[in-house]
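Undergrad: Please see the structure below; I have some questions.
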Amino acid sequence: MADDRSKQTATVASATDDITPVQETTDRVHAVNSRADKAAQFIAEHGEVTFTYEEERRVLKRIDMRILPLILGAYFFQQLDKSSLSYVSIFGIMEDANLKSIEYSWLGSVLYIAQLIFQPLAAFLLVKLPTGKVIGTAVICWGACAAIMAACTNFGSLLALRFLLGTFEAMIAPSCLAVTQMWWRRSEQTLRASYWNAMNGVTFIVGSLVTYGLGHVVSDKIYRYQTIFIFCGVLTVLFGIVFIIFMPDSPMEAKYLTEREQSVAVERLRANQMGVASRQWKWDHVKETFMDFKTLLWFILIVAISIASGGISVFGNLILKDFGFTNFNAILFSMPTGAIQIVVIIGSAWVATRIGRKGLVITGLACLPTIGTVLMLTVPRKESNKGVLLLGYYLVQCLGAITPMVYAWSAQNTGGDTKKKTSSAMMFMGMCTGNIIGPLLYNTKDAPLYRPGLIANLIMFVTVGVLGLVIPMYLMFLNRWHAKKREELGKQANVIDESMVRRKDMQESKAVELEQNEQTTRNIEEDNGLNDLPDLRNEDFIYVY
């Protein structure tokens, strides 16, 4: 018997293709709790499976090729329609629609007021309803609102349509986060979240080019801002139809995957200890979310960075114009902003993934807009200083990398389906709160310096940097607390977080586990993640810094 065990261990250590120590079974049926995750029910029906690295890579590639383009497109069109107000700001919308300065600020803020109000409903719908259908319907509805805004020629009608736009867009960001949690391992989530958040940068480039082109279209029958609204809205509606057709609701319901590929897609997520989809709303998860101190810290963090980004996103082109550029030049010089955001968002996500320290990366990122804001506050507005002022403006745009990092950081450290959606709702409520406040700190009367808004931004950037150092300390405390609980329950105190282990290191860790008997494979009924336990009550959950 001892010889057999040693042979088995040696075989596992040398067979570099095995990815999980679970044995494939088809004849055993597990008893699944009625409150368990849908993934648990799927595994109980189809059996637990083993798979090779090559097979996992093939499945991951199929997921990336289908799911990623769809959520990238959804986030792009959301950002395009939302930012259209900024694009048309320098093409006379204030004069054509008879807007006052404070009214323009409110058009920027009301969208986030709507998102703030409807975030709880968005969280509930994402738990109870099929994710793909919910997102696709929301895309079509907000696209229609964006197109109909072309018929608005006064403050009241523009305000109403911007509110409706925000109502439907309330769904998209938490949906993209939910999709990221549902389809990818924790070690893969940071980069995937950075990809769809990098659409902010793509929107800057594409939106600026579209606005530059459409802005040259002059007509006696239609204002230039109306042309831009129609163009953006119609494209969004068309994409929404495509999204509904091609987006599966979960890995268990992905018809474009074979049954075997569905099993692999689900099994590879078990190490996340986060569940996949339960379709059950659980009030105890909601209560834990509001009692969770780390969620509160991330809420403060997202509010702070959103206050800064909210003002810059609405007034950015006006600030550039007041550097001494013409309307069209202001648009062209805003285009590098998009490229900067793409590089910084994806680059910082790659660094955070490699070093495994998101808090430290966030603090480092906060230093860049801090320096940029100081330059914009201290450098005089002179023709000879345009280059330095542009440098400061571009450094401030690096703030765009902080928001997706916070989203991913919070998502990776939250377990339980309802708690994941509720926690995401809190993050986006914080984002909305900050984006409501941000534009109101700026006023065209403060041009060209905009000192009140820039000083507020400076304070926010410093706050973000400090929180980036504080939050990891609390997560370390939680990990020690969970290790103690595991030990009290007779489990191994120190365990390997397989969800964060890189693929090339996975096999080595598996062999070591079997050889030293450090971890044993859990059946479905013993898997806290598949039983839809929230992270604080799941002693097997490991927090990442």
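By convention in this document, the chains of the structure tokens carry letters A, B, ... by their order, each chain's residues are numbered from 1, and ligands are numbered from 1 in the order they are shown.
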Find the residues near A:Leu235: any atom within 10 Å, counting only C-alpha atoms, skip ones fewer than 4 places away on the same chain, and give them as a list in words.

TA: Phe77, Asp81, Ile140, Gly143, Ala144, Ala147, Ile230, Phe231, Phe239 and Gly240 of chain A

Undergrad: Fewer than 3 positions away in the same chain doesn't count, so skip those; otherwise give me all residues within 9 Å of A:Ala173, counting only C-alpha atoms, as a PyMOL selection string.

TA: chain A and resi 75+78+169-170+176-178+424+428

Undergrad: Quick one: pull the distance between atom CA of A:Tyr393 and atom CA of A:Asp322, Å, one decimal.

TA: 12.0 Å

Undergrad: Leaving out stretch 54-67 of chain A and any residue of its chain fewer than 3 positions from it, which residues lie within 7 Å of it when counting only C-alpha atoms, given as a PDB file with N, CA and C atoms, in the first residue's frame?

TA:
ATOM      1  N   PHE A  51      -8.640  17.798 -15.841  1.00  0.00           N
ATOM      2  CA  PHE A  51      -8.333  18.310 -17.161  1.00  0.00           C
ATOM      3  C   PHE A  51      -6.880  18.753 -17.198  1.00  0.00           C
ATOM      4  N   LEU A  70     -17.477  41.017 -26.139  1.00  0.00           N
ATOM      5  CA  LEU A  70     -18.827  41.491 -25.840  1.00  0.00           C
ATOM      6  C   LEU A  70     -18.834  42.477 -24.672  1.00  0.00           C
ATOM      7  N   ILE A  71     -18.101  42.152 -23.586  1.00  0.00           N
ATOM      8  CA  ILE A  71     -18.115  43.094 -22.462  1.00  0.00           C
ATOM      9  C   ILE A  71     -17.245  44.320 -22.763  1.00  0.00           C
ATOM     10  N   MET A 247     -24.280  36.589 -26.178  1.00  0.00           N
ATOM     11  CA  MET A 247     -23.760  36.524 -24.808  1.00  0.00           C
ATOM     12  C   MET A 247     -24.460  35.431 -23.995  1.00  0.00           C
ATOM     13  N   GLU A 261     -16.424  21.132 -22.241  1.00  0.00           N
ATOM     14  CA  GLU A 261     -15.845  22.461 -22.041  1.00  0.00           C
ATOM     15  C   GLU A 261     -16.581  23.229 -20.962  1.00  0.00           C
ATOM     16  N   VAL A 264     -15.235  21.947 -17.670  1.00  0.00           N
ATOM     17  CA  VAL A 264     -13.912  22.499 -17.402  1.00  0.00           C
ATOM     18  C   VAL A 264     -14.023  23.961 -16.978  1.00  0.00           C
ATOM     19  N   ALA A 265     -14.880  24.721 -17.670  1.00  0.00           N
ATOM     20  CA  ALA A 265     -15.059  26.145 -17.359  1.00  0.00           C
ATOM     21  C   ALA A 265     -15.560  26.349 -15.939  1.00  0.00           C
TER      22      ALA A 265
END

Undergrad: For A:Lys38, which residue among A:Cys432, A:Leu530, A:Leu165, A:Ala447 is the nearest when counting only C-alpha atoms?

TA: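 Among A:Cys432, A:Leu530, A:Leu165, A:Ala447, it is A:Leu530 that comes nearest to A:Lys38.
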
Undergrad: Using only C-alpha atoms for the distances, tell me which of A:Val202, A:Met171, A:Leu389, A:Leu296 is nearest to A:Thr337.

TA: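 Comparing A:Val202, A:Met171, A:Leu389, A:Leu296 against A:Thr337, the winner is A:Val202.
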
Undergrad: Given the choices A:Asn154, A:Asn457, A:Thr418, A:Thr167, which gets closest to A:Ala97 if the distance is worked out from only C-alpha atoms?

TA: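 Answer, going by the shortest atom-to-atom distance: A:Asn154.
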
Undergrad: With distances taken over only C-alpha atoms, which residue among A:Ile307, A:Leu469, A:Leu301, A:Ala339 lies nearest A:Asn200?

TA: A:Ala339

Undergrad: For A:Val286, which of A:Leu164, A:Met199, A:Val110, A:Ala123 is the closest residue, counting only C-alpha atoms?

TA: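 Smallest separation from A:Val286 among the options: A:Ala123.
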
Undergrad: Counting only C-alpha atoms, figure out which residue out of A:Ile362, A:Ala349, A:Met429, A:Leu458 gets nearest to A:Ile117.

TA: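 Looking only at the distances to A:Ile117, the closest residue turns out to be A:Met429.
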
Undergrad: List the neighbours of A:Cys145 out to 12 Å using only C-alpha atoms; skip same-chain residues closer than 4 positions along the sequence, and give me the result as a PyMOL selection string.

TA: chain A and resi 78+81-82+111+138-141+149-152+157-169+229-230+232-234+236-237

Undergrad: As an MDAnalysis selection string, please: all residues of stretch 319-518 of chain A that backbone DSSP puts in helix (DSSP H, G or I).

TA: chainID A and resid 319:321 327:355 358:378 383:412 417:440 444:446 451:488 498:500 503:516

Undergrad: Extract, using only C-alpha atoms, all DNA, RNA and protein residues at most 12 Å from A:Val266, discarding same-chain residues fewer than 3 positions from it, and format them as an MDAnalysis selection string.

TA: chainID A and resid 37:44 46:51 56 59:60 63 181:185 250:254 257 259:263 269:272 274:277 530

Undergrad: Would you write out those residues with C-alpha atoms, as a compact mmCIF listing (two decimals), in the first residue's frame?

TA:
# COMPACT_ATOMS: atom_id res chain seq x y z
CA ASP A 37 -24.57 27.77 -6.08
CA LYS A 38 -25.81 26.74 -9.54
CA ALA A 39 -22.27 25.55 -10.26
CA ALA A 40 -22.61 22.99 -7.46
CA GLN A 41 -25.79 21.65 -9.03
CA PHE A 42 -24.07 21.53 -12.45
CA ILE A 43 -21.10 19.57 -11.05
CA ALA A 44 -23.44 17.21 -9.19
CA HIS A 46 -22.28 16.19 -14.74
CA GLY A 47 -19.66 14.85 -12.36
CA GLU A 48 -16.33 16.25 -11.17
CA VAL A 49 -13.65 16.34 -13.85
CA THR A 50 -9.91 16.48 -14.27
CA PHE A 51 -8.33 18.31 -17.16
CA GLU A 56 -7.80 24.54 -19.84
CA VAL A 59 -11.29 26.59 -22.96
CA LEU A 60 -9.88 29.86 -21.63
CA ILE A 63 -13.98 32.21 -23.26
CA GLN A 181 -16.06 37.01 -11.52
CA MET A 182 -18.25 34.42 -13.25
CA TRP A 183 -15.91 33.39 -16.06
CA TRP A 184 -12.30 33.82 -14.87
CA ARG A 185 -10.06 32.65 -12.04
CA SER A 250 -23.19 31.71 -17.35
CA PRO A 251 -20.55 29.01 -18.02
CA MET A 252 -23.19 26.38 -17.23
CA GLU A 253 -25.48 27.81 -19.96
CA ALA A 254 -22.88 28.54 -22.64
CA LEU A 257 -19.15 25.37 -25.48
CA GLU A 259 -20.60 19.80 -22.40
CA ARG A 260 -17.02 18.85 -21.58
CA GLU A 261 -15.85 22.46 -22.04
CA GLN A 262 -18.65 23.69 -19.79
CA SER A 263 -17.49 21.28 -17.08
CA LEU A 269 -13.40 28.31 -10.90
CA ARG A 270 -13.76 26.22 -7.73
CA ALA A 271 -10.49 27.47 -6.26
CA ASN A 272 -11.89 31.03 -6.29
CA MET A 274 -16.53 32.76 -4.66
CA GLY A 275 -19.28 30.71 -6.32
CA VAL A 276 -20.49 31.33 -9.87
CA ALA A 277 -24.24 32.06 -9.91
CA LEU A 530 -19.96 26.23 -4.02
